[in-house]
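For reference, work-v3.cif (mmCIF, C-alpha atoms; chains and numbers go by the auth columns):
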```cif
data_start
#
loop_
_atom_site.group_PDB
_atom_site.id
_atom_site.type_symbol
_atom_site.label_atom_id
_atom_site.label_comp_id
_atom_site.label_asym_id
_atom_site.label_seq_id
_atom_site.Cartn_x
_atom_site.Cartn_y
_atom_site.Cartn_z
_atom_site.B_iso_or_equiv
_atom_site.auth_seq_id
_atom_site.auth_asym_id
ATOM 1 C CA MET A 1 2.360 -21.926 4.898 0.00 1 A
ATOM 2 C CA VAL A 2 1.569 -18.254 5.483 0.00 2 A
ATOM 3 C CA ILE A 3 1.866 -15.085 3.415 0.00 3 A
ATOM 4 C CA ARG A 4 3.957 -12.412 5.151 0.00 4 A
ATOM 5 C CA ILE A 5 4.136 -8.756 4.122 0.00 5 A
ATOM 6 C CA GLY A 6 7.108 -6.914 5.571 0.00 6 A
ATOM 7 C CA PRO A 7 10.780 -7.467 6.264 0.00 7 A
ATOM 8 C CA LEU A 8 11.740 -10.930 7.463 0.00 8 A
ATOM 9 C CA GLN A 9 14.320 -11.662 10.109 0.00 9 A
ATOM 10 C CA ASP A 10 16.891 -14.387 9.518 0.00 10 A
ATOM 11 C CA SER A 11 15.555 -17.701 10.716 0.00 11 A
ATOM 12 C CA ALA A 12 17.092 -21.143 10.942 0.00 12 A
ATOM 13 C CA THR A 13 13.622 -22.691 11.151 0.00 13 A
ATOM 14 C CA LEU A 14 11.747 -20.957 8.313 0.00 14 A
ATOM 15 C CA VAL A 15 11.923 -20.982 4.524 0.00 15 A
ATOM 16 C CA ALA A 16 10.699 -17.957 2.555 0.00 16 A
ATOM 17 C CA LYS A 17 9.927 -17.617 -1.145 0.00 17 A
ATOM 18 C CA PRO A 18 9.657 -14.047 -2.472 0.00 18 A
ATOM 19 C CA LEU A 19 6.339 -13.279 -4.172 0.00 19 A
ATOM 20 C CA GLY A 20 6.589 -9.552 -4.838 0.00 20 A
ATOM 21 C CA VAL A 21 6.624 -6.121 -3.255 0.00 21 A
ATOM 22 C CA GLN A 22 3.756 -4.141 -1.770 0.00 22 A
ATOM 23 C CA GLN A 23 3.880 -0.390 -2.371 0.00 23 A
ATOM 24 C CA ALA A 24 1.724 2.242 -0.725 0.00 24 A
ATOM 25 C CA VAL A 25 0.084 4.910 -2.881 0.00 25 A
ATOM 26 C CA LEU A 26 -1.660 8.176 -2.050 0.00 26 A
ATOM 27 C CA ILE A 27 -5.218 8.143 -3.339 0.00 27 A
ATOM 28 C CA ALA A 28 -8.352 10.288 -3.329 0.00 28 A
ATOM 29 C CA HIS A 29 -11.795 10.313 -4.899 0.00 29 A
ATOM 30 C CA PRO A 30 -12.053 12.589 -7.977 0.00 30 A
ATOM 31 C CA ASP A 31 -14.818 14.624 -6.284 0.00 31 A
ATOM 32 C CA TYR A 32 -12.609 15.303 -3.259 0.00 32 A
ATOM 33 C CA LEU A 33 -9.802 16.607 -5.504 0.00 33 A
ATOM 34 C CA ALA A 34 -12.273 18.736 -7.499 0.00 34 A
ATOM 35 C CA ARG A 35 -13.511 20.354 -4.260 0.00 35 A
ATOM 36 C CA HIS A 36 -10.189 20.737 -2.431 0.00 36 A
ATOM 37 C CA GLY A 37 -7.505 20.807 -5.116 0.00 37 A
ATOM 38 C CA GLN A 38 -4.491 18.643 -5.773 0.00 38 A
ATOM 39 C CA PRO A 39 -1.581 18.796 -3.292 0.00 39 A
ATOM 40 C CA GLN A 40 1.702 19.660 -5.008 0.00 40 A
ATOM 41 C CA THR A 41 4.108 18.437 -2.314 0.00 41 A
ATOM 42 C CA PRO A 42 3.879 16.047 0.653 0.00 42 A
ATOM 43 C CA ASP A 43 3.846 19.070 2.994 0.00 43 A
ATOM 44 C CA ASP A 44 0.629 20.242 1.286 0.00 44 A
ATOM 45 C CA LEU A 45 -1.069 17.192 2.819 0.00 45 A
ATOM 46 C CA HIS A 46 -1.198 19.113 6.119 0.00 46 A
ATOM 47 C CA GLY A 47 -3.905 21.303 4.548 0.00 47 A
ATOM 48 C CA HIS A 48 -6.022 18.350 3.430 0.00 48 A
ATOM 49 C CA ALA A 49 -8.432 15.944 5.064 0.00 49 A
ATOM 50 C CA CYS A 50 -6.191 12.921 5.496 0.00 50 A
ATOM 51 C CA ILE A 51 -7.627 9.560 6.474 0.00 51 A
ATOM 52 C CA THR A 52 -5.070 7.794 8.627 0.00 52 A
ATOM 53 C CA PHE A 53 -4.464 4.363 10.090 0.00 53 A
ATOM 54 C CA GLY A 54 -4.412 4.310 13.854 0.00 54 A
ATOM 55 C CA SER A 55 -6.129 3.379 17.048 0.00 55 A
ATOM 56 C CA GLY A 56 -6.396 4.701 20.577 0.00 56 A
ATOM 57 C CA GLY A 57 -5.834 8.260 19.363 0.00 57 A
ATOM 58 C CA GLN A 58 -2.426 7.350 17.918 0.00 58 A
ATOM 59 C CA THR A 59 -1.836 7.551 14.173 0.00 59 A
ATOM 60 C CA ARG A 60 1.095 6.270 12.208 0.00 60 A
ATOM 61 C CA PRO A 61 3.214 8.718 10.217 0.00 61 A
ATOM 62 C CA TRP A 62 3.247 8.348 6.450 0.00 62 A
ATOM 63 C CA HIS A 63 6.685 7.411 5.128 0.00 63 A
ATOM 64 C CA PHE A 64 8.004 8.717 1.822 0.00 64 A
ATOM 65 C CA LEU A 65 11.391 8.361 0.133 0.00 65 A
ATOM 66 C CA ASP A 66 13.433 11.429 -0.749 0.00 66 A
ATOM 67 C CA SER A 67 15.415 11.769 -3.997 0.00 67 A
ATOM 68 C CA LYS A 68 18.270 9.754 -2.452 0.00 68 A
ATOM 69 C CA GLY A 69 15.992 6.937 -1.297 0.00 69 A
ATOM 70 C CA ARG A 70 16.065 7.941 2.370 0.00 70 A
ATOM 71 C CA ASN A 71 12.982 7.490 4.516 0.00 71 A
ATOM 72 C CA GLN A 72 11.174 10.758 5.307 0.00 72 A
ATOM 73 C CA PRO A 73 8.308 10.335 7.795 0.00 73 A
ATOM 74 C CA LEU A 74 5.474 12.851 7.602 0.00 74 A
ATOM 75 C CA GLY A 75 3.172 13.189 10.586 0.00 75 A
ATOM 76 C CA VAL A 76 -0.248 13.976 9.160 0.00 76 A
ATOM 77 C CA ARG A 77 -3.269 14.778 11.274 0.00 77 A
ATOM 78 C CA GLY A 78 -6.163 12.743 10.145 0.00 78 A
ATOM 79 C CA ARG A 79 -9.678 13.969 9.688 0.00 79 A
ATOM 80 C CA LEU A 80 -10.543 10.336 10.306 0.00 80 A
ATOM 81 C CA GLY A 81 -8.410 7.775 12.113 0.00 81 A
ATOM 82 C CA LEU A 82 -9.468 4.212 11.390 0.00 82 A
ATOM 83 C CA ASN A 83 -7.886 0.903 12.308 0.00 83 A
ATOM 84 C CA HIS A 84 -8.857 -1.126 9.248 0.00 84 A
ATOM 85 C CA SER A 85 -7.547 -0.600 5.715 0.00 85 A
ATOM 86 C CA GLU A 86 -10.854 -1.467 4.060 0.00 86 A
ATOM 87 C CA ALA A 87 -12.669 1.071 6.253 0.00 87 A
ATOM 88 C CA ILE A 88 -10.133 3.697 5.149 0.00 88 A
ATOM 89 C CA LEU A 89 -10.767 2.689 1.527 0.00 89 A
ATOM 90 C CA ASP A 90 -14.533 3.057 2.026 0.00 90 A
ATOM 91 C CA ALA A 91 -14.031 6.565 3.463 0.00 91 A
ATOM 92 C CA VAL A 92 -11.871 7.574 0.486 0.00 92 A
ATOM 93 C CA LEU A 93 -14.416 6.146 -1.966 0.00 93 A
ATOM 94 C CA ALA A 94 -17.054 8.275 -0.202 0.00 94 A
ATOM 95 C CA GLY A 95 -14.953 11.394 -0.925 0.00 95 A
ATOM 96 C CA HIS A 96 -13.892 12.133 2.657 0.00 96 A
ATOM 97 C CA GLY A 97 -10.198 12.745 1.983 0.00 97 A
ATOM 98 C CA ILE A 98 -6.765 11.460 0.994 0.00 98 A
ATOM 99 C CA ALA A 99 -5.249 8.202 2.233 0.00 99 A
ATOM 100 C CA LEU A 100 -2.070 6.169 1.882 0.00 100 A
ATOM 101 C CA LEU A 101 -3.030 2.561 1.123 0.00 101 A
ATOM 102 C CA SER A 102 -1.515 -0.593 -0.328 0.00 102 A
ATOM 103 C CA ASP A 103 -1.406 -0.692 -4.112 0.00 103 A
ATOM 104 C CA TRP A 104 -3.021 -4.139 -4.274 0.00 104 A
ATOM 105 C CA LEU A 105 -6.004 -2.873 -2.259 0.00 105 A
ATOM 106 C CA VAL A 106 -6.751 0.136 -4.494 0.00 106 A
ATOM 107 C CA ALA A 107 -5.569 -1.006 -7.952 0.00 107 A
ATOM 108 C CA GLU A 108 -9.020 -2.036 -9.191 0.00 108 A
ATOM 109 C CA HIS A 109 -10.511 1.324 -8.123 0.00 109 A
ATOM 110 C CA LEU A 110 -7.683 3.241 -9.823 0.00 110 A
ATOM 111 C CA ARG A 111 -8.102 1.305 -13.073 0.00 111 A
ATOM 112 C CA ALA A 112 -11.872 1.946 -13.011 0.00 112 A
ATOM 113 C CA GLY A 113 -11.387 5.685 -12.340 0.00 113 A
ATOM 114 C CA ARG A 114 -13.209 5.570 -8.982 0.00 114 A
ATOM 115 C CA LEU A 115 -9.994 6.802 -7.334 0.00 115 A
ATOM 116 C CA LEU A 116 -7.069 8.898 -8.535 0.00 116 A
ATOM 117 C CA ARG A 117 -3.419 8.936 -7.542 0.00 117 A
ATOM 118 C CA VAL A 118 -2.250 11.918 -5.510 0.00 118 A
ATOM 119 C CA LEU A 119 1.399 13.006 -5.807 0.00 119 A
ATOM 120 C CA PRO A 120 2.229 10.047 -8.096 0.00 120 A
ATOM 121 C CA GLU A 121 5.873 11.092 -8.290 0.00 121 A
ATOM 122 C CA VAL A 122 6.271 10.583 -4.540 0.00 122 A
ATOM 123 C CA ARG A 123 7.714 7.163 -3.742 0.00 123 A
ATOM 124 C CA THR A 124 7.187 5.014 -0.697 0.00 124 A
ATOM 125 C CA GLN A 125 9.342 2.241 0.649 0.00 125 A
ATOM 126 C CA GLY A 126 8.085 -1.123 -0.548 0.00 126 A
ATOM 127 C CA PHE A 127 7.470 -4.088 1.721 0.00 127 A
ATOM 128 C CA PRO A 128 8.427 -7.551 0.486 0.00 128 A
ATOM 129 C CA ILE A 129 5.764 -10.246 0.201 0.00 129 A
ATOM 130 C CA HIS A 130 6.832 -13.832 0.967 0.00 130 A
ATOM 131 C CA ALA A 131 5.327 -17.272 1.276 0.00 131 A
ATOM 132 C CA VAL A 132 6.793 -18.659 4.518 0.00 132 A
ATOM 133 C CA TRP A 133 6.817 -22.193 5.930 0.00 133 A
ATOM 134 C CA ARG A 134 8.735 -24.262 8.493 0.00 134 A
ATOM 135 C CA LYS A 135 12.012 -25.651 7.233 0.00 135 A
ATOM 136 C CA ASN A 136 11.602 -28.997 8.951 0.00 136 A
ATOM 137 C CA ARG A 137 8.047 -29.575 7.686 0.00 137 A
ATOM 138 C CA HIS A 138 7.458 -31.451 4.493 0.00 138 A
ATOM 139 C CA LEU A 139 5.655 -29.122 2.115 0.00 139 A
ATOM 140 C CA SER A 140 2.820 -31.086 0.527 0.00 140 A
ATOM 141 C CA ALA A 141 2.553 -31.171 -3.252 0.00 141 A
ATOM 142 C CA LYS A 142 -0.664 -29.109 -3.069 0.00 142 A
ATOM 143 C CA VAL A 143 0.925 -26.371 -0.968 0.00 143 A
ATOM 144 C CA ARG A 144 4.078 -26.391 -3.140 0.00 144 A
ATOM 145 C CA ARG A 145 1.849 -25.927 -6.198 0.00 145 A
ATOM 146 C CA VAL A 146 0.078 -22.965 -4.545 0.00 146 A
ATOM 147 C CA VAL A 147 3.440 -21.341 -3.744 0.00 147 A
ATOM 148 C CA ASP A 148 4.635 -21.887 -7.321 0.00 148 A
ATOM 149 C CA LEU A 149 1.385 -20.507 -8.780 0.00 149 A
ATOM 150 C CA LEU A 150 1.613 -17.402 -6.586 0.00 150 A
ATOM 151 C CA ALA A 151 5.195 -16.808 -7.718 0.00 151 A
ATOM 152 C CA GLU A 152 4.233 -17.282 -11.386 0.00 152 A
ATOM 153 C CA ARG A 153 1.296 -14.896 -11.027 0.00 153 A
ATOM 154 C CA PHE A 154 3.022 -12.173 -9.005 0.00 154 A
ATOM 155 C CA LEU A 155 6.560 -12.152 -10.445 0.00 155 A
ATOM 156 C CA PRO A 156 8.213 -10.263 -12.043 0.00 156 A
ATOM 157 C CA GLU A 157 5.364 -7.702 -12.012 0.00 157 A
ATOM 158 C CA PRO A 158 2.326 -8.141 -9.769 0.00 158 A
ATOM 159 C CA PRO A 159 -1.129 -7.989 -11.378 0.00 159 A
ATOM 160 C CA TRP A 160 -2.107 -5.127 -9.078 0.00 160 A
ATOM 161 C CA GLU A 161 0.662 -2.843 -10.398 0.00 161 A
ATOM 162 C CA VAL A 162 -0.877 0.622 -10.691 0.00 162 A
ATOM 163 C CA GLU A 163 -1.024 1.858 -14.268 0.00 163 A
ATOM 164 C CA GLU A 164 0.132 5.304 -15.356 0.00 164 A
ATOM 165 C CA LYS A 165 -3.312 6.256 -16.715 0.00 165 A
ATOM 166 C CA SER A 166 -4.694 6.273 -13.173 0.00 166 A
ATOM 167 C CA ARG A 167 -2.334 9.002 -12.050 0.00 167 A
ATOM 168 C CA VAL A 168 -3.180 12.659 -11.632 0.00 168 A
ATOM 169 C CA SER A 169 -0.538 15.259 -12.382 0.00 169 A
#
```
Please, can you express the file's structure as structure tokens?
Amino acid sequence: MVIRIGPLQDSATLVAKPLGVQQAVLIAHPDYLARHGQPQTPDDLHGHACITFGSGGQTRPWHFLDSKGRNQPLGVRGRLGLNHSEAILDAVLAGHGIALLSDWLVAEHLRAGRLLRVLPEVRTQGFPIHAVWRKNRHLSAKVRRVVDLLAERFLPEPPWEVEEKSRVS
């Protein structure tokens, strides 16, 4: 059994149980926002120190949803380009800029006030989270119990859901 984040392709050989949805949120350290101000629109991010995910000089665009739910990629130039989400989180916690990271990775820091949401009204496309295993394999009682416990814990609302009090307006 594996945990998969992202869209799944149809498969005749795999079984998937939905466990939730991962959202990405824009975050920054309170000191960074005090020094540089709060962006008002996604385009304002071009004037900020963005910390991006990438390697080999290539960075990935940030994807937002417009009012009709359509994907709108935004190519941001990063002050830092790192290839590990936890390294990006460390840079944000050190006050180096704004990043787009998974809600489950930053939820604890948002609740504690170590980070603040940036542009909380801006939505991102969620990625489904599934437990996946081979259809023809017998799922042991222990693994079945783990899958069931994950579903009970994460559905209908995951424990990492970002609370409104952690948002900046």
Quick one: axis-aligned box around all listed atoms of segment 62-75 of chain A, 5 Å on every side, centre and edge lengths in Å to one decimal, written as AutoDock Vina command-line options.
```
--center_x 10.7 --center_y 10.1 --center_z 3.3 --size_x 25.1 --size_y 16.3 --size_z 24.6
```
| said: Starting from the PyMOL selection byres ((chain A and resi 43-53) around 7), expand the selection into actual residues of this file and give them as JSON, numbers by chain. | reply: {"A": [39, 40, 41, 42, 54, 59, 60, 76, 77, 78, 79, 80, 81, 82, 83, 88, 97, 98, 99]}
Would you mind exporting C-alpha atoms of the selected residues as an mmCIF file, in the coordinates of the input?
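Okay, this is what ended up in again_17.cif:
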```
data_model
loop_
_atom_site.group_PDB
_atom_site.id
_atom_site.type_symbol
_atom_site.label_atom_id
_atom_site.label_comp_id
_atom_site.auth_asym_id
_atom_site.auth_seq_id
_atom_site.Cartn_x
_atom_site.Cartn_y
_atom_site.Cartn_z
ATOM 1 C CA PRO A 39 -1.581 18.796 -3.292
ATOM 2 C CA GLN A 40 1.702 19.660 -5.008
ATOM 3 C CA THR A 41 4.108 18.437 -2.314
ATOM 4 C CA PRO A 42 3.879 16.047 0.653
ATOM 5 C CA GLY A 54 -4.412 4.310 13.854
ATOM 6 C CA THR A 59 -1.836 7.551 14.173
ATOM 7 C CA ARG A 60 1.095 6.270 12.208
ATOM 8 C CA VAL A 76 -0.248 13.976 9.160
ATOM 9 C CA ARG A 77 -3.269 14.778 11.274
ATOM 10 C CA GLY A 78 -6.163 12.743 10.145
ATOM 11 C CA ARG A 79 -9.678 13.969 9.688
ATOM 12 C CA LEU A 80 -10.543 10.336 10.306
ATOM 13 C CA GLY A 81 -8.410 7.775 12.113
ATOM 14 C CA LEU A 82 -9.468 4.212 11.390
ATOM 15 C CA ASN A 83 -7.886 0.903 12.308
ATOM 16 C CA ILE A 88 -10.133 3.697 5.149
ATOM 17 C CA GLY A 97 -10.198 12.745 1.983
ATOM 18 C CA ILE A 98 -6.765 11.460 0.994
ATOM 19 C CA ALA A 99 -5.249 8.202 2.233
#
```
| query | Any idea what the distance is between atom CA of Leu105 of chain A and atom CA of Val92 of chain A? | reply | 12.3 Å
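When the PyMOL selection byres ((chain A and resi 32) around 9) is evaluated against the file, it yields Ala28, His29, Pro30, Asp31, Leu33, Ala34, Arg35, His36, Gly37, Val92, Ala94, Gly95, His96, Gly97 and Ile98 of chain A.
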| said: My list of candidates is A:Ser67, A:Ser11, A:Gln58, A:Ser102. Which is closest to Trp160 of chain A when distances are computed with only C-alpha atoms? | reply: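 Closest residue, counting only C-alpha atoms: A:Ser102.
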| query | Hey, can you pull every residue with an atom no more than 10 Å from (2.7, -19.8, -4.3), using all atoms listed in the file, and send it as a ChimeraX atom specification? | reply | /A:1-3,17-19,130-132,142-154
How would the residues just picked look written out with C-alpha atoms as a PDB file, in the coordinates of the input?
```pdb
ATOM      1  CA  MET A   1       2.360 -21.926   4.898  1.00  0.00           C
ATOM      2  CA  VAL A   2       1.569 -18.254   5.483  1.00  0.00           C
ATOM      3  CA  ILE A   3       1.866 -15.085   3.415  1.00  0.00           C
ATOM      4  CA  LYS A  17       9.927 -17.617  -1.145  1.00  0.00           C
ATOM      5  CA  PRO A  18       9.657 -14.047  -2.472  1.00  0.00           C
ATOM      6  CA  LEU A  19       6.339 -13.279  -4.172  1.00  0.00           C
ATOM      7  CA  HIS A 130       6.832 -13.832   0.967  1.00  0.00           C
ATOM      8  CA  ALA A 131       5.327 -17.272   1.276  1.00  0.00           C
ATOM      9  CA  VAL A 132       6.793 -18.659   4.518  1.00  0.00           C
ATOM     10  CA  LYS A 142      -0.664 -29.109  -3.069  1.00  0.00           C
ATOM     11  CA  VAL A 143       0.925 -26.371  -0.968  1.00  0.00           C
ATOM     12  CA  ARG A 144       4.078 -26.391  -3.140  1.00  0.00           C
ATOM     13  CA  ARG A 145       1.849 -25.927  -6.198  1.00  0.00           C
ATOM     14  CA  VAL A 146       0.078 -22.965  -4.545  1.00  0.00           C
ATOM     15  CA  VAL A 147       3.440 -21.341  -3.744  1.00  0.00           C
ATOM     16  CA  ASP A 148       4.635 -21.887  -7.321  1.00  0.00           C
ATOM     17  CA  LEU A 149       1.385 -20.507  -8.780  1.00  0.00           C
ATOM     18  CA  LEU A 150       1.613 -17.402  -6.586  1.00  0.00           C
ATOM     19  CA  ALA A 151       5.195 -16.808  -7.718  1.00  0.00           C
ATOM     20  CA  GLU A 152       4.233 -17.282 -11.386  1.00  0.00           C
ATOM     21  CA  ARG A 153       1.296 -14.896 -11.027  1.00  0.00           C
ATOM     22  CA  PHE A 154       3.022 -12.173  -9.005  1.00  0.00           C
TER      23      PHE A 154
END
```
